[in-house]
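Trainee: Here you go, one structure.
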Amino acid sequence: MKLQALLSNPKLFWLLLPLFLLLTWQFTFSNLKVLQKPALDFTVLYQAGKQVSVGLNPYSKKEISDFHTPPPSLLVFSLLPLLPLEMSQIAWFLLSLISFLIGSYFLFKALNISDNRLLWIFYLSGVLVFFPFRFNLGSGEVNNFLFFFLSTSFYLLQKKKELPAAFLLSLGIIFKITPLFFLFLFLLEKRIKILLGIAVCLLTLGAVTLLVFGPDLFLHYWAVIPRYFNLYDPVYYNQSLTAVFLRFSLPLTSIRIFSTLLLSFALLVFIYFQRKINSQDLTSQIILWNIGILYTLIFSTFAWQHHFTIVLFPLITTTYLFYKTKLSPIFFLTIAIIYLMLGLNIKNPAGLANFNITGAIILSHVFLGGVFLLLLNYFLAWRIKY
């Protein structure tokens, strides 16, 4: 049976619905248990909002040493202590989940596949067991919101609505600075309007933050930035390039050199392909955004597994391009393997630490899944005729 006919088969929908409902029940039950105690990362955000609300500085080591988010984000986090910690965490959890679903809807809408019920069943079933997504919700992190900002702004740009897209991307940047990479993409594409829109939005948000909380917040934040780029940690949950190098016991100086060389090479390759495709059509934009998202994960000094929630964007869109270009089923099998590499979680990573190179490779499965997905997108950029 052809894939197109399979995706429109109503019988398959009703066959998969019980599995989806079972996964939903398990997801709900497990998260009800998780919400019974404060989540570590959410507590950091909550305490940061509480500190800044009473005139303290969350960037000071004396207050919250783990808070690295740009100052304008405190306009949002300062609202969290309006509720008790437990109630605030539940509200944050629900908002995070809803934002992810809305972001998924707009991403599907950008691909013109939002009306396919069977695709939604496949997708949501896969998401519910995808460890980075579950980890993000359970820890109370911001990556579902980032997924929403990226997906919705991508949709708006396809609709030529650059200023709303600029605003959403600005919000994404104040939650996580890594989307700044897209400024590089827009600069290469000479999209001055959206660059100006993002600059104005960021300056406005910064000015409001300055008026509300004062200048000391920004002065202390400049001291935090070097710490942000020097968080080298080989722990299993860190799946960045630097963490992989650390697992192979490379000295820190060599890691910095290799990382810089690889990033420089990766940027040159990105520029080459951006010039090569040189098009504003949907396929080109998908590939460029996919590469951009994967770069922000792979080349960050730390990319915890919950950060890889946003990898669902390139995972979905790459699969869509395979379907659109009618590539061999072997590519869909490759995508399935990459999904497993990205979405699995090793319960006892310490048990693999003594297996030297083999153990280091296995413990880097999320990173490697991201690299393979990146290579698939470069394959598409090289293969597709524009």
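All residue names refer to the structure tokens as shown: chains lettered A, B, ... in order, residues numbered from 1 in each chain, ligands numbered from 1 in order.
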Mind running region 84-134 of chain A against region 157-170 of chain A at 12 Å and telling me each contacting residue's nearest atom pair with the distance in Å (one decimal), counting only C-alpha atoms, chain and number ascending, as a tab-separated table?

Mentor:
```
residue	atom	partner	partner_atom	distance
A:Gly103	CA	A:Leu168	CA	11.5
A:Phe106	CA	A:Gln158	CA	10.9
A:Leu107	CA	A:Gln158	CA	10.6
A:Lys109	CA	A:Gln158	CA	10.2
A:Ala110	CA	A:Gln158	CA	7.0
A:Leu111	CA	A:Gln158	CA	9.7
A:Asn112	CA	A:Gln158	CA	11.3
```

Trainee: As a PyMOL selection string, please: the residues near Leu368 (chain A) (cut-off 12 Å, only C-alpha atoms, same-chain neighbours under 4 positions excluded).

Mentor: chain A and resi 239-241+243-244+294+297-298+337-343+360-364+372-375

Trainee: Can you write just those residues out, C-alpha atoms, as a PDB file, in the first residue's frame?

Mentor:
```pdb
ATOM      1  CA  GLN A 239      24.527  16.018  24.675  1.00  0.00           C
ATOM      2  CA  SER A 240      26.523  18.886  23.174  1.00  0.00           C
ATOM      3  CA  LEU A 241      29.683  18.565  21.099  1.00  0.00           C
ATOM      4  CA  ALA A 243      30.327  16.984  26.267  1.00  0.00           C
ATOM      5  CA  VAL A 244      31.105  14.318  23.674  1.00  0.00           C
ATOM      6  CA  LEU A 294      20.446  21.631  14.938  1.00  0.00           C
ATOM      7  CA  LEU A 297      21.927  22.252  19.876  1.00  0.00           C
ATOM      8  CA  ILE A 298      25.089  20.586  18.608  1.00  0.00           C
ATOM      9  CA  ILE A 337      16.396   5.162  13.897  1.00  0.00           C
ATOM     10  CA  ILE A 338      17.267   8.831  14.449  1.00  0.00           C
ATOM     11  CA  TYR A 339      14.011   9.289  16.377  1.00  0.00           C
ATOM     12  CA  LEU A 340      15.012   6.425  18.670  1.00  0.00           C
ATOM     13  CA  MET A 341      18.516   7.839  19.153  1.00  0.00           C
ATOM     14  CA  LEU A 342      17.104  11.243  20.040  1.00  0.00           C
ATOM     15  CA  GLY A 343      14.209  10.030  22.137  1.00  0.00           C
ATOM     16  CA  ALA A 360      31.313   7.221  25.190  1.00  0.00           C
ATOM     17  CA  ILE A 361      29.622   6.601  21.833  1.00  0.00           C
ATOM     18  CA  ILE A 362      26.552   4.991  23.386  1.00  0.00           C
ATOM     19  CA  LEU A 363      26.230   7.767  25.972  1.00  0.00           C
ATOM     20  CA  SER A 364      26.296  10.317  23.121  1.00  0.00           C
ATOM     21  CA  PHE A 372      22.705  12.291  11.514  1.00  0.00           C
ATOM     22  CA  LEU A 373      19.605  14.463  11.181  1.00  0.00           C
ATOM     23  CA  LEU A 374      21.845  17.381  10.227  1.00  0.00           C
ATOM     24  CA  LEU A 375      23.558  15.261   7.559  1.00  0.00           C
TER      25      LEU A 375
END
```

Trainee: For Ile310 (chain A), which residue among A:Thr358, A:Ser88, A:Asn290, A:Thr334 is the nearest when counting only C-alpha atoms?

Mentor: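 That would be A:Asn290, the residue with the smallest distance to Ile310 (chain A).
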
Trainee: Find the nearest atom pair between each residue of region 103-188 of chain A and region 15-30 of chain A for residues within 10 Å, count only C-alpha atoms, give distances in Å to one decimal, sort rows by chain and ascending number, and present the table as a tab-separated table.

Mentor:
```
residue	atom	partner	partner_atom	distance
A:Leu118	CA	A:Leu16	CA	8.4
A:Ile121	CA	A:Phe20	CA	6.6
A:Phe122	CA	A:Leu16	CA	8.0
A:Tyr123	CA	A:Phe20	CA	9.9
A:Leu124	CA	A:Phe20	CA	7.7
A:Ser125	CA	A:Phe20	CA	5.5
A:Gly126	CA	A:Phe20	CA	9.2
A:Val127	CA	A:Leu23	CA	9.9
A:Leu128	CA	A:Phe27	CA	6.6
A:Val129	CA	A:Leu23	CA	7.7
A:Arg134	CA	A:Phe27	CA	8.5
A:Gly138	CA	A:Ser30	CA	9.5
```

Trainee: Write the residues of the selection above to a file with N, CA and C atoms, as an mmCIF file, in the first residue's frame.

Mentor:
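Generated file (result-v3.cif):
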```cif
data_model
loop_
_atom_site.group_PDB
_atom_site.id
_atom_site.type_symbol
_atom_site.label_atom_id
_atom_site.label_comp_id
_atom_site.auth_asym_id
_atom_site.auth_seq_id
_atom_site.Cartn_x
_atom_site.Cartn_y
_atom_site.Cartn_z
ATOM 1 N N LEU A 118 -4.824 11.125 11.213
ATOM 2 C CA LEU A 118 -3.918 9.989 11.415
ATOM 3 C C LEU A 118 -2.496 10.459 11.699
ATOM 4 N N ILE A 121 -2.273 11.470 15.268
ATOM 5 C CA ILE A 121 -2.180 10.308 16.162
ATOM 6 C C ILE A 121 -0.759 9.761 16.187
ATOM 7 N N PHE A 122 -0.150 9.603 14.997
ATOM 8 C CA PHE A 122 1.236 9.148 14.922
ATOM 9 C C PHE A 122 2.154 10.096 15.687
ATOM 10 N N TYR A 123 2.013 11.364 15.392
ATOM 11 C CA TYR A 123 2.903 12.377 15.942
ATOM 12 C C TYR A 123 2.787 12.465 17.461
ATOM 13 N N LEU A 124 1.574 12.616 17.966
ATOM 14 C CA LEU A 124 1.397 12.780 19.408
ATOM 15 C C LEU A 124 1.780 11.513 20.175
ATOM 16 N N SER A 125 1.545 10.360 19.578
ATOM 17 C CA SER A 125 1.971 9.108 20.220
ATOM 18 C C SER A 125 3.491 9.087 20.352
ATOM 19 N N GLY A 126 4.175 9.514 19.275
ATOM 20 C CA GLY A 126 5.630 9.562 19.324
ATOM 21 C C GLY A 126 6.149 10.589 20.304
ATOM 22 N N VAL A 127 5.458 11.721 20.411
ATOM 23 C CA VAL A 127 5.875 12.789 21.326
ATOM 24 C C VAL A 127 5.736 12.356 22.783
ATOM 25 N N LEU A 128 4.647 11.658 23.099
ATOM 26 C CA LEU A 128 4.372 11.291 24.487
ATOM 27 C C LEU A 128 5.429 10.368 25.084
ATOM 28 N N VAL A 129 6.147 9.635 24.237
ATOM 29 C CA VAL A 129 7.209 8.756 24.747
ATOM 30 C C VAL A 129 8.598 9.293 24.413
ATOM 31 N N ARG A 134 9.364 14.776 27.593
ATOM 32 C CA ARG A 134 8.927 14.426 28.950
ATOM 33 C C ARG A 134 9.866 15.042 29.993
ATOM 34 N N GLY A 138 8.774 17.610 32.889
ATOM 35 C CA GLY A 138 9.001 17.194 34.269
ATOM 36 C C GLY A 138 9.940 18.106 35.033
#
```

Trainee: Could you tell me which of A:Ala199, A:Leu352, A:Leu146, A:Leu180 comes closest to Gly292 (chain A) if we count only C-alpha atoms?

Mentor: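 Answer, going by the shortest atom-to-atom distance: A:Leu180.
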